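Source file: data_18.txt (compact mmCIF, C-alpha atoms and all ligand atoms)
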```txt
# COMPACT_ATOMS: atom_id res chain seq x y z
CA MET A 363 0.00 0.00 0.00
CA GLN A 364 1.53 3.27 -1.03
CA GLN A 365 1.74 6.26 1.27
CA LYS A 366 -1.42 8.39 1.28
CA LYS A 367 -1.83 12.08 0.66
CA GLN A 368 -2.05 14.07 3.89
CA MET A 369 -2.69 17.65 2.85
CA PHE A 370 -4.00 17.50 -0.71
CA GLY A 371 -7.49 16.17 -1.40
CA THR A 372 -8.87 14.92 -4.72
CA ASN A 373 -8.88 18.48 -6.06
CA GLY A 374 -5.75 20.08 -4.62
CA VAL A 375 -5.10 21.63 -1.22
CA ARG A 376 -7.88 23.87 0.11
CA GLY A 377 -8.80 25.77 3.25
CA VAL A 378 -10.16 28.94 4.81
CA ILE A 379 -7.98 32.02 4.32
CA GLY A 380 -6.13 33.00 7.49
CA GLU A 381 -6.78 29.59 9.04
CA ARG A 382 -5.42 26.65 7.11
CA MET A 383 -4.79 28.53 3.88
CA THR A 384 -1.99 31.09 4.28
CA PRO A 385 0.63 32.69 2.01
CA ASP A 386 3.25 30.74 3.99
CA LEU A 387 1.66 27.41 3.07
CA VAL A 388 1.31 28.40 -0.58
CA LEU A 389 4.91 29.66 -0.74
CA ARG A 390 6.10 26.25 0.46
CA VAL A 391 3.83 24.46 -2.05
CA GLY A 392 5.45 26.66 -4.72
CA ALA A 393 8.96 25.84 -3.46
CA ALA A 394 8.16 22.11 -3.39
CA LEU A 395 6.71 22.23 -6.92
CA GLY A 396 9.66 24.28 -8.17
CA SER A 397 12.05 21.72 -6.70
CA MET A 398 10.29 18.92 -8.61
CA ARG A 399 9.46 20.57 -11.94
CA LYS A 400 12.37 22.66 -13.13
CA GLY A 401 11.67 25.03 -16.01
CA THR A 402 8.82 27.41 -16.83
CA ILE A 403 5.65 27.17 -14.77
CA ALA A 404 2.32 28.74 -15.77
CA ILE A 405 0.04 29.98 -13.01
CA GLY A 406 -3.51 31.29 -12.90
CA ARG A 407 -6.25 32.07 -10.42
CA ASP A 408 -10.00 32.40 -10.06
CA THR A 409 -11.68 35.60 -8.86
CA ARG A 410 -11.36 35.07 -5.08
CA THR A 411 -10.29 38.13 -3.07
CA SER A 412 -7.32 36.19 -1.67
CA GLY A 413 -6.12 35.06 -5.11
CA GLU A 414 -3.64 37.84 -5.71
CA ALA A 415 -1.94 37.44 -2.29
CA LEU A 416 -1.64 33.68 -2.77
CA ALA A 417 -0.38 34.12 -6.34
CA HIS A 418 2.48 36.28 -5.06
CA ALA A 419 3.36 33.63 -2.46
CA LEU A 420 3.23 30.81 -5.01
CA LYS A 421 5.42 32.78 -7.43
CA ALA A 422 7.96 33.55 -4.66
CA GLY A 423 8.29 29.83 -3.93
CA LEU A 424 8.71 28.95 -7.60
CA LEU A 425 11.14 31.77 -8.39
CA MET A 426 13.42 31.01 -5.41
CA THR A 427 13.87 27.43 -6.66
CA GLY A 428 14.95 28.72 -10.07
CA CYS A 429 11.73 28.29 -12.04
CA ASN A 430 10.57 30.95 -14.44
CA VAL A 431 6.93 31.90 -13.95
CA VAL A 432 4.34 33.01 -16.49
CA ASP A 433 1.36 34.56 -14.69
CA MET A 434 -1.86 34.21 -16.74
CA GLY A 435 -3.92 36.18 -14.21
CA ILE A 436 -7.62 35.32 -13.87
CA LEU A 437 -8.84 32.48 -16.10
CA PRO A 438 -10.82 29.21 -15.86
CA THR A 439 -8.89 26.13 -14.64
CA PRO A 440 -9.45 24.28 -17.96
CA ALA A 441 -8.15 27.32 -19.88
CA LEU A 442 -4.90 27.21 -17.89
CA GLN A 443 -4.70 23.45 -18.44
CA TYR A 444 -5.24 23.86 -22.18
CA ILE A 445 -2.55 26.55 -22.49
CA ILE A 446 -0.06 24.49 -20.45
CA LYS A 447 -0.67 21.43 -22.65
CA THR A 448 -0.44 23.25 -25.98
CA SER A 449 2.40 25.70 -25.19
CA GLY A 450 5.05 23.38 -23.79
CA PHE A 451 5.13 24.60 -20.20
CA ASP A 452 6.93 22.38 -17.69
CA GLY A 453 3.99 22.49 -15.29
CA GLY A 454 1.50 24.81 -13.70
CA ALA A 455 -0.57 25.70 -10.69
CA MET A 456 -4.07 27.12 -10.34
CA ILE A 457 -5.10 29.14 -7.31
CA THR A 458 -8.72 28.22 -6.75
CA ALA A 459 -11.15 26.69 -4.30
CA SER A 460 -13.55 25.73 -7.12
CA HIS A 461 -17.11 25.56 -5.72
CA ASN A 462 -16.23 26.36 -2.07
CA PRO A 463 -17.51 29.56 -0.40
CA PRO A 464 -15.63 32.89 -0.80
CA GLU A 465 -13.54 32.53 2.38
CA TYR A 466 -11.83 29.44 0.93
CA ASN A 467 -8.92 29.23 -1.46
CA GLY A 468 -6.43 26.60 -2.54
CA VAL A 469 -3.91 25.34 -5.06
CA LYS A 470 -4.27 22.70 -7.75
CA ILE A 471 -1.08 21.42 -9.42
CA ILE A 472 -1.04 20.85 -13.19
CA GLU A 473 1.42 18.69 -15.12
CA ALA A 474 3.05 19.60 -18.46
CA ASP A 475 0.40 17.58 -20.34
CA GLY A 476 -2.40 19.66 -18.78
CA THR A 477 -3.60 16.93 -16.40
CA GLU A 478 -3.84 17.29 -12.63
CA MET A 479 -0.84 15.92 -10.74
CA SER A 480 -1.25 12.23 -9.85
CA ASP A 481 -1.59 10.96 -6.27
CA GLU A 482 1.90 9.41 -6.45
CA GLU A 483 3.54 12.72 -7.40
CA ILE A 484 1.46 14.67 -4.85
CA VAL A 485 2.80 12.35 -2.12
CA LEU A 486 6.36 13.27 -3.22
CA LEU A 487 5.43 16.97 -3.23
CA GLU A 488 3.99 16.67 0.28
CA GLU A 489 7.17 14.92 1.48
CA ARG A 490 9.16 17.95 0.35
CA PHE A 491 6.59 20.30 1.87
CA PHE A 492 6.60 18.67 5.31
CA SER A 493 10.38 18.16 5.46
CA ASN A 494 11.22 21.59 3.99
CA THR A 495 13.35 19.89 1.32
CA PHE A 496 13.53 22.67 -1.24
CA GLU A 497 16.20 23.19 -3.87
CA ALA A 498 16.81 26.90 -3.40
CA ALA A 499 18.65 28.57 -6.28
CA ALA A 500 21.78 30.73 -5.78
CA TRP A 501 21.59 34.45 -6.51
CA ASP A 502 22.38 33.97 -10.19
CA GLY A 503 19.89 31.14 -10.64
CA VAL A 504 16.68 32.71 -9.35
CA GLY A 505 13.84 32.66 -11.89
CA THR A 506 12.07 35.52 -13.66
CA GLU A 507 8.39 36.37 -13.96
CA THR A 508 6.39 37.30 -17.06
CA ALA A 509 2.79 38.50 -17.11
CA ALA A 510 0.55 36.96 -19.81
CA PRO A 511 -2.99 38.07 -19.06
CA ASP A 512 -4.43 37.71 -22.59
CA ARG A 513 -3.77 34.10 -23.47
CA VAL A 514 -7.30 32.97 -22.67
CA GLU A 515 -8.09 33.75 -26.32
CA GLU A 516 -6.25 30.56 -27.40
CA TYR A 517 -8.60 28.47 -25.27
CA ILE A 518 -11.71 30.27 -26.50
CA GLN A 519 -10.85 29.79 -30.17
CA ALA A 520 -9.83 26.13 -29.71
CA ILE A 521 -13.33 25.37 -28.42
CA VAL A 522 -15.08 27.41 -31.13
CA ASP A 523 -13.02 25.64 -33.83
CA HIS A 524 -14.24 22.30 -32.52
CA PHE A 525 -17.70 22.89 -34.05
CA PRO A 526 -19.07 23.75 -37.51
CA ALA A 527 -19.10 27.54 -38.03
CA GLY A 528 -22.36 29.20 -37.02
CA ILE A 529 -23.80 26.05 -35.39
CA GLY A 530 -25.53 28.19 -32.75
CA LYS A 531 -27.30 30.54 -35.22
CA GLY A 532 -30.88 31.16 -34.15
CA MET A 533 -30.27 30.08 -30.55
CA THR A 534 -30.55 32.36 -27.53
CA VAL A 535 -28.63 31.40 -24.39
CA VAL A 536 -28.12 32.91 -20.93
CA VAL A 537 -24.72 32.51 -19.25
CA ASP A 538 -24.22 32.73 -15.46
CA PRO A 539 -20.46 32.61 -14.70
CA GLY A 540 -21.22 33.32 -11.03
CA SER A 541 -18.77 36.26 -10.93
CA GLY A 542 -16.01 33.77 -11.76
CA PRO A 543 -13.45 33.52 -14.58
CA ALA A 544 -15.90 31.98 -17.06
CA ALA A 545 -17.16 35.56 -17.51
CA LEU A 546 -14.04 35.95 -19.69
CA THR A 547 -14.68 32.87 -21.82
CA THR A 548 -18.14 31.23 -22.06
CA PRO A 549 -20.13 34.28 -23.33
CA THR A 550 -17.49 34.81 -26.05
CA ILE A 551 -17.38 31.10 -26.99
CA LEU A 552 -21.18 30.89 -27.39
CA SER A 553 -21.43 34.17 -29.22
CA ARG A 554 -18.70 33.13 -31.70
CA MET A 555 -20.67 29.92 -32.31
CA GLY A 556 -23.53 32.14 -33.51
CA CYS A 557 -25.72 32.25 -30.39
CA LYS A 558 -27.39 35.37 -29.07
CA VAL A 559 -25.95 35.62 -25.55
CA HIS A 560 -27.37 37.23 -22.40
CA THR A 561 -25.40 37.22 -19.16
CA ILE A 562 -26.05 37.40 -15.42
CA ASN A 563 -23.38 37.58 -12.64
CA ALA A 564 -20.84 38.23 -15.40
CA ARG A 565 -18.61 40.76 -13.64
CA LEU A 566 -15.44 39.32 -12.02
CA ASP A 567 -16.02 39.70 -8.28
CA GLY A 568 -14.50 37.61 -5.46
CA THR A 569 -17.23 38.65 -3.04
CA PHE A 570 -19.71 36.71 -5.23
CA PRO A 571 -22.55 39.22 -4.83
CA GLY A 572 -25.05 37.36 -7.05
CA ARG A 573 -24.64 33.78 -5.91
CA MET A 574 -22.13 31.44 -4.27
CA PRO A 575 -19.48 29.65 -6.40
CA GLU A 576 -21.37 26.33 -6.18
CA PRO A 577 -24.11 26.46 -8.85
CA THR A 578 -27.11 25.11 -6.90
CA PRO A 579 -30.75 25.09 -8.12
CA GLU A 580 -31.52 27.77 -5.48
CA GLY A 581 -28.58 29.98 -6.51
CA LEU A 582 -29.54 29.66 -10.16
CA GLN A 583 -33.13 30.88 -9.67
CA PRO A 584 -32.35 34.31 -11.23
CA LEU A 585 -30.75 32.50 -14.20
CA SER A 586 -33.88 30.36 -14.60
CA GLU A 587 -36.08 33.44 -14.52
CA MET A 588 -33.92 35.18 -17.11
CA VAL A 589 -34.03 32.14 -19.41
CA VAL A 590 -37.83 32.15 -19.29
CA ALA A 591 -38.09 35.95 -19.60
CA THR A 592 -35.82 36.10 -22.67
CA GLY A 593 -37.29 32.98 -24.29
CA ALA A 594 -33.80 31.45 -24.30
CA ASP A 595 -33.09 27.90 -25.46
CA PHE A 596 -31.10 27.15 -22.29
CA GLY A 597 -29.11 28.70 -19.46
CA VAL A 598 -25.62 27.62 -18.44
CA ALA A 599 -23.82 28.27 -15.15
CA HIS A 600 -20.33 27.46 -13.91
CA ASP A 601 -18.69 26.72 -10.58
CA GLY A 602 -15.98 29.04 -9.22
CA ASP A 603 -13.24 27.90 -11.61
CA ALA A 604 -15.42 26.80 -14.55
CA ASP A 605 -14.25 23.23 -14.91
CA ARG A 606 -17.89 22.30 -14.42
CA ALA A 607 -21.01 23.51 -16.22
CA VAL A 608 -24.63 22.99 -15.19
CA PHE A 609 -27.77 23.90 -17.12
CA VAL A 610 -31.36 25.03 -16.91
CA ASP A 611 -33.68 24.11 -19.78
CA ASN A 612 -35.90 26.45 -21.82
CA LYS A 613 -38.59 26.16 -19.13
CA GLY A 614 -36.12 27.31 -16.48
CA ARG A 615 -35.85 23.86 -14.91
CA TYR A 616 -32.49 22.86 -13.39
CA ILE A 617 -31.10 19.87 -15.28
CA GLU A 618 -29.85 17.20 -12.87
CA GLU A 619 -26.18 16.71 -13.76
CA ASN A 620 -26.47 13.02 -14.68
CA TYR A 621 -29.05 14.07 -17.28
CA GLU A 622 -26.70 16.77 -18.55
CA PHE A 623 -24.01 14.07 -18.84
CA GLY A 624 -26.48 11.84 -20.71
CA LEU A 625 -27.49 14.56 -23.18
CA VAL A 626 -23.88 15.38 -24.05
CA GLU A 627 -22.90 11.69 -24.04
CA ASP A 628 -25.66 10.98 -26.57
CA TYR A 629 -24.18 13.64 -28.87
CA VAL A 630 -20.50 12.71 -28.38
CA CYS A 631 -21.02 8.92 -28.58
CA GLY A 632 -23.34 9.38 -31.57
CA ARG A 633 -20.33 10.73 -33.45
CA ASN A 634 -17.79 8.42 -31.85
CA SER A 635 -19.61 5.12 -31.34
CA GLY A 636 -18.30 1.78 -30.16
CA GLY A 637 -15.70 3.04 -27.70
CA LEU A 638 -15.44 3.17 -23.93
CA VAL A 639 -17.21 5.70 -21.71
CA VAL A 640 -15.19 6.25 -18.53
CA THR A 641 -17.04 7.38 -15.40
CA PRO A 642 -16.98 6.90 -11.61
CA VAL A 643 -19.04 4.15 -9.96
CA ALA A 644 -21.41 6.79 -8.53
CA THR A 645 -22.79 7.87 -11.92
CA SER A 646 -26.41 7.18 -12.91
CA ARG A 647 -27.29 4.04 -14.87
CA LEU A 648 -28.64 6.46 -17.46
CA ILE A 649 -25.01 6.88 -18.61
CA LYS A 650 -24.77 3.11 -19.18
CA ASP A 651 -28.13 3.06 -21.04
CA ILE A 652 -27.00 5.79 -23.44
CA ALA A 653 -23.52 4.26 -23.91
CA GLU A 654 -25.09 0.94 -24.88
CA LYS A 655 -27.45 2.66 -27.33
CA HIS A 656 -24.30 3.71 -29.25
CA GLY A 657 -22.50 0.38 -28.89
CA CYS A 658 -20.22 1.86 -26.21
CA THR A 659 -19.07 0.09 -23.03
CA ILE A 660 -18.80 1.64 -19.56
CA ASP A 661 -15.48 1.57 -17.71
CA TYR A 662 -15.95 2.46 -14.03
CA THR A 663 -13.38 4.29 -11.89
CA PRO A 664 -13.17 5.49 -8.27
CA VAL A 665 -14.95 8.79 -7.53
CA GLY A 666 -12.88 11.82 -8.66
CA SER A 667 -12.33 13.44 -12.04
CA ILE A 668 -8.57 12.84 -11.90
CA TYR A 669 -9.21 9.06 -11.87
CA VAL A 670 -11.50 9.38 -14.89
CA ALA A 671 -8.94 11.48 -16.80
CA ARG A 672 -6.02 9.18 -15.94
CA ARG A 673 -8.04 6.07 -16.85
CA MET A 674 -8.95 7.59 -20.23
CA ILE A 675 -5.25 8.24 -20.92
CA GLU A 676 -4.33 4.73 -19.75
CA LEU A 677 -6.94 3.05 -21.97
CA ILE A 678 -5.90 5.09 -25.00
CA GLY A 679 -2.29 4.11 -24.22
CA GLN A 680 -3.41 0.46 -24.41
CA GLY A 681 -4.73 1.11 -27.92
CA LYS A 682 -8.38 1.14 -26.84
CA LYS A 683 -10.97 3.50 -28.22
CA VAL A 684 -12.32 5.97 -25.65
CA SER A 685 -15.44 7.83 -26.72
CA PHE A 686 -16.15 9.99 -23.69
CA GLY A 687 -15.63 10.47 -19.95
CA GLY A 688 -17.05 12.43 -17.06
CA GLU A 689 -18.70 12.66 -13.67
CA GLY A 690 -22.37 13.09 -12.78
CA ASN A 691 -21.71 16.55 -11.34
CA GLY A 692 -21.34 18.57 -14.54
CA GLY A 693 -17.63 17.75 -14.98
CA LEU A 694 -17.23 16.28 -18.48
CA ILE A 695 -13.98 15.29 -20.23
CA TYR A 696 -13.50 15.35 -24.02
CA ALA A 697 -10.71 13.04 -25.20
CA ASP A 698 -10.15 14.97 -28.44
CA HIS A 699 -9.79 18.28 -26.55
CA GLN A 700 -7.98 17.69 -23.25
CA PHE A 701 -7.92 15.25 -20.33
CA CYS A 702 -9.61 17.34 -17.69
CA ARG A 703 -13.10 18.59 -16.93
CA ASP A 704 -13.96 21.55 -19.11
CA GLY A 705 -16.99 23.75 -18.38
CA GLY A 706 -16.52 26.02 -21.41
CA MET A 707 -16.40 23.04 -23.74
CA THR A 708 -19.50 21.59 -22.06
CA ALA A 709 -21.42 24.86 -22.58
CA ALA A 710 -20.45 24.73 -26.27
CA MET A 711 -21.47 21.05 -26.47
CA MET A 712 -25.00 21.88 -25.33
CA VAL A 713 -25.31 24.15 -28.39
CA ALA A 714 -24.30 21.18 -30.56
CA VAL A 715 -26.76 18.90 -28.73
CA LEU A 716 -29.61 21.31 -29.53
CA ALA A 717 -28.43 21.88 -33.09
CA GLY A 718 -28.80 18.12 -33.60
CA HIS A 719 -32.48 18.32 -32.58
CA ARG A 720 -33.63 21.38 -34.53
CA ASP A 721 -37.27 20.36 -34.26
CA LYS A 722 -37.24 19.98 -30.47
CA LYS A 723 -36.87 22.14 -27.37
CA LEU A 724 -34.37 21.07 -24.73
CA SER A 725 -37.25 20.37 -22.31
CA GLU A 726 -38.74 17.91 -24.83
CA ILE A 727 -35.44 16.08 -25.32
CA LEU A 728 -35.05 15.80 -21.55
CA ASP A 729 -38.57 14.53 -20.98
CA GLU A 730 -37.92 11.64 -23.37
CA LEU A 731 -35.08 10.30 -21.19
CA PRO A 732 -35.96 7.58 -18.64
CA ALA A 733 -36.59 8.85 -15.11
CA TYR A 734 -34.23 7.48 -12.47
CA HIS A 735 -34.82 7.88 -8.76
CA LEU A 736 -31.68 8.58 -6.70
CA ILE A 737 -31.30 8.40 -2.92
CA LYS A 738 -28.22 10.17 -1.52
CA GLU A 739 -27.61 9.88 2.23
CA LYS A 740 -24.78 10.50 4.67
CA HIS A 741 -24.47 8.12 7.59
CA HIS A 742 -22.30 9.27 10.50
CA THR A 743 -20.30 6.57 12.25
CA LYS A 744 -17.08 6.34 14.28
CA ASP A 745 -15.71 3.57 12.09
CA PRO A 746 -16.70 4.10 8.43
CA SER A 747 -14.60 1.22 7.08
CA ALA A 748 -16.22 -1.23 9.54
CA LEU A 749 -19.63 -0.16 8.31
CA VAL A 750 -18.58 -0.69 4.67
CA ARG A 751 -17.28 -4.17 5.60
CA ALA A 752 -20.58 -4.99 7.31
CA VAL A 753 -22.45 -4.10 4.12
CA GLU A 754 -20.06 -6.20 2.06
CA GLU A 755 -20.66 -9.23 4.30
CA ALA A 756 -24.42 -8.81 4.35
CA PHE A 757 -24.62 -8.70 0.54
CA SER A 758 -21.77 -11.14 -0.21
CA ALA A 759 -24.07 -13.50 -2.13
CA GLU A 760 -24.86 -10.77 -4.66
CA THR A 761 -23.00 -9.04 -7.49
CA ILE A 762 -20.58 -6.68 -5.76
CA GLU A 763 -18.12 -4.25 -7.36
CA LYS A 764 -15.25 -2.97 -5.24
CA ILE A 765 -13.83 -0.16 -7.37
CA ASP A 766 -14.56 2.47 -4.72
CA GLY A 767 -16.35 1.32 -1.55
CA ILE A 768 -18.96 -1.39 -2.12
CA LYS A 769 -21.40 -1.30 -5.02
CA ILE A 770 -24.24 -3.81 -4.94
CA VAL A 771 -25.63 -4.28 -8.44
CA ARG A 772 -29.04 -5.78 -9.15
CA ASP A 773 -31.04 -5.67 -12.39
CA ASP A 774 -33.44 -3.03 -11.14
CA VAL A 775 -31.36 -1.14 -8.55
CA TRP A 776 -27.78 -0.41 -7.49
CA ALA A 777 -26.40 0.84 -4.19
CA LEU A 778 -23.01 2.37 -3.42
CA VAL A 779 -21.61 2.57 0.13
CA ARG A 780 -18.33 4.51 0.48
CA ALA A 781 -16.35 5.69 3.47
CA SER A 782 -15.66 9.43 3.40
CA GLY A 783 -11.97 10.25 3.08
CA THR A 784 -12.20 13.31 5.31
CA GLU A 785 -15.06 12.83 7.79
CA PRO A 786 -16.29 10.02 10.10
CA MET A 787 -19.16 8.99 7.86
CA VAL A 788 -20.19 6.84 4.92
CA ARG A 789 -21.97 8.07 1.81
CA ILE A 790 -24.83 5.92 0.57
CA MET A 791 -26.25 6.21 -2.93
CA ILE A 792 -29.09 4.10 -4.30
CA GLU A 793 -30.64 4.38 -7.75
CA SER A 794 -33.58 2.72 -9.42
CA ARG A 795 -36.26 3.62 -11.94
CA ASP A 796 -38.75 2.64 -9.23
CA PRO A 797 -38.68 4.83 -6.07
CA GLY A 798 -40.23 1.97 -4.04
CA ILE A 799 -37.42 -0.42 -5.02
CA ALA A 800 -34.81 2.23 -4.11
CA ASP A 801 -36.44 2.82 -0.71
CA ALA A 802 -36.57 -0.93 -0.01
CA MET A 803 -32.88 -1.26 -0.87
CA TYR A 804 -32.03 1.58 1.50
CA ARG A 805 -33.90 -0.18 4.31
CA GLU A 806 -32.03 -3.41 3.55
CA ILE A 807 -28.70 -1.60 3.91
CA LEU A 808 -29.71 0.10 7.16
CA GLN A 809 -30.80 -3.28 8.51
CA ALA A 810 -27.50 -4.86 7.48
CA VAL A 811 -25.55 -2.34 9.54
CA GLY A 812 -27.92 -2.52 12.50
CA HIS A 813 -29.59 0.89 12.06
CA THR A 814 -33.22 0.21 11.33
MG MG B 901 -14.32 23.40 -10.14
```
Step by step, read the file and then write its structure as structure tokens.
Ligand code: MG
Amino acid sequence: MQQKKQMFGTNGVRGVIGERMTPDLVLRVGAALGSMRKGTIAIGRDTRTSGEALAHALKAGLLMTGCNVVDMGILPTPALQYIIKTSGFDGGAMITASHNPPEYNGVKIIEADGTEMSDEEIVLLEERFFSNTFEAAAWDGVGTETAAPDRVEEYIQAIVDHFPAGIGKGMTVVVDPGSGPAALTTPTILSRMGCKVHTINARLDGTFPGRMPEPTPEGLQPLSEMVVATGADFGVAHDGDADRAVFVDNKGRYIEENYEFGLVEDYVCGRNSGGLVVTPVATSRLIKDIAEKHGCTIDYTPVGSIYVARRMIELIGQGKKVSFGGEGNGGLIYADHQFCRDGGMTAAMMVAVLAGHRDKKLSEILDELPAYHLIKEKHHTKDPSALVRAVEEAFSAETIEKIDGIKIVRDDVWALVRASGTEPMVRIMIESRDPGIADAMYREILQAVGHT
């Protein structure tokens, strides 16, 4: 068993400013990264008020270890990842706390190929961090900094060029970047595709005056109202760093993210049939239904976009065809674009989805998809792994998958029981087309662990 990450989670290191997250911590993350990835490092940040202070700290750590730094300023995480991948940088770092509230911030490390740093490499980075093992440069080896605030254009045009010119002509869309960096990208992408674009919460503002960085149905109520008021075809919103996109349909209804995944999957796999669709074990069976419709096969991973991205790369390396990948939270990964979640690309994809159904409204396309009933519960316990083992024993006669926690798979229902990595609790997910069958399964699990 390899050593586990201590400080970094599945999406970088994060914390509340002035508590866990300080310039000192970020400086040492920069020094550790600079000691491991010599060369030129690209950095960016989201719109959080603490972003500039942390950027200076990160740059100080990188420069003192001899790295040169190119500061891209405010931009979406996938834009930074795209620029790193296509411009030959030696690595990168994004200052963001993604969907967390405004008082949070954090750092996500990016490799030269644009992917997030693997768990194995993060463990090495943490070893340097905790032991203060930094390779400080001498006076004549300290790095230099360059500002490059306008490079987001490369990312915008790459997405636009992915689609036939003018594919969005005749469509009206409303974009809610949530005061985050997508304000610089998604409205331009959609307008260059031919859409008429309205915006809400489109001014960069780290106090997030319109809504919180997590795009919830409640927070997106003004977006829904604007979609209905303007007669728009759909509304799109992003989380705080725009690697995710979520949608409201033409009736202003929030689209559950597994259904968003399914809509885009139907489009992508329709043009790239017969390959693998890579997704975590927690994703709706809808994703499997749609994959099979296009002759695609599901490949399940542990929960976390980095595992999906790395698995896609691994499968392609084995000569296998990978059609699509993503999570059921609005984080979708396009193998012919880049191996990370990309909210701007997903917004553009929804235009293509609609363009493929010229005779139908988005609400009509959605209503034709099968309805799945999902139960999502947290169960607090002192010993989460003991509870997961108890479930495994109780259901040992059934089909069980152990990719991440325990997944019990029946024809008409599945249940996933996973220990939380950070809190004393287990997460339980159950899905069926029949709410009664899902409820019964939940009771069976509670009974198995002695909590009826
Ligand atoms: Mg995010």
Fill in: Residues within 7 Å of (-11.4, 30.9, -7.6), file coords, all atoms listed in the file, listed as a VMD selection string
chain A and resid 407 to 410 457 to 460 467 542 602 to 603
Export C-alpha atoms of the chosen residues as a PDB file, keeping the file's coordinate frame?
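This is the output file part-v8.pdb:
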```pdb
ATOM      1  CA  ARG A 407      -6.250  32.070 -10.420  1.00  0.00           C
ATOM      2  CA  ASP A 408     -10.000  32.400 -10.060  1.00  0.00           C
ATOM      3  CA  THR A 409     -11.680  35.600  -8.860  1.00  0.00           C
ATOM      4  CA  ARG A 410     -11.360  35.070  -5.080  1.00  0.00           C
ATOM      5  CA  ILE A 457      -5.100  29.140  -7.310  1.00  0.00           C
ATOM      6  CA  THR A 458      -8.720  28.220  -6.750  1.00  0.00           C
ATOM      7  CA  ALA A 459     -11.150  26.690  -4.300  1.00  0.00           C
ATOM      8  CA  SER A 460     -13.550  25.730  -7.120  1.00  0.00           C
ATOM      9  CA  ASN A 467      -8.920  29.230  -1.460  1.00  0.00           C
ATOM     10  CA  GLY A 542     -16.010  33.770 -11.760  1.00  0.00           C
ATOM     11  CA  GLY A 602     -15.980  29.040  -9.220  1.00  0.00           C
ATOM     12  CA  ASP A 603     -13.240  27.900 -11.610  1.00  0.00           C
TER      13      ASP A 603
END
```
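Pocket residues of ligand MG 901 (chain B), taken as those with any atom at most 9 Å away using all atoms listed in the file, are Asn373, Pro438, Thr439, Thr458, Ala459, Ser460, His461, Asn462, Pro575, Glu576, His600, Asp601, Gly602, Asp603, Ala604, Asp605, Arg606, Gly693, Arg703 and Gly705 of chain A.
Nearest to Val598 of chain A of all the residues A:Thr578, A:Ser685, A:Ser646, A:Asn634 is A:Thr578, counting only C-alpha atoms.
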Worksheet item: Quick one, how far is atom CA of Ile617 of chain A from atom CA of Ile790 of chain A?
Response: 22.0 Å
Item to complete: Have a look at A:Asp481, A:Glu806, A:Asp704, A:Glu497 and name the one nearest to Thr547 of chain A; count all atoms listed in the file.
Response: A:Asp704
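Neighbours of Glu754 of chain A closer than or equal to 10 Å, with all atoms listed in the file counted and sequence neighbours fewer than 6 positions away skipped, come out as Ala748, Glu760, Ile762, Glu763, Lys764, Gly767, Ile768, Lys769, Ile770, Val779, Ile807 and Ala810 of chain A.
Those residues that approach Glu507 of chain A to within 6 Å, counting all atoms listed in the file, are Asn430, Val431 and Val432 of chain A; same-chain residues fewer than 4 positions away are not listed.
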Those selected residues, please, written with C-alpha atoms and delivered as a CSV table (one decimal), in the frame of the given file.
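Output file result-v2.csv follows:
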```
chain,number,residue,atom,x,y,z
A,430,ASN,CA,10.6,31.0,-14.4
A,431,VAL,CA,6.9,31.9,-14.0
A,432,VAL,CA,4.3,33.0,-16.5
```
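In this model, the gap between atom CA of Lys723 of chain A and atom CA of Pro577 of chain A comes to 22.9 Å.
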Worksheet entry | d(atom CA of Gly692 of chain A, atom CA of Thr784 of chain A) in Å | 22.5 Å
Discussion item. Show me, as an MDAnalysis selection string, the residues that have an atom within 10 Å of Asp774 of chain A when counting all atoms listed in the file, minus same-chain residues fewer than 4 positions from it.
Written reply: chainID A and resid 793:796 799:800
Worksheet item: Which neighbours of segment 607-615 of chain A fall inside 9 Å, counting only C-alpha atoms, when residues of the same chain fewer than 3 positions from it are skipped, and could you give them as a count of residues only?
Response: 39
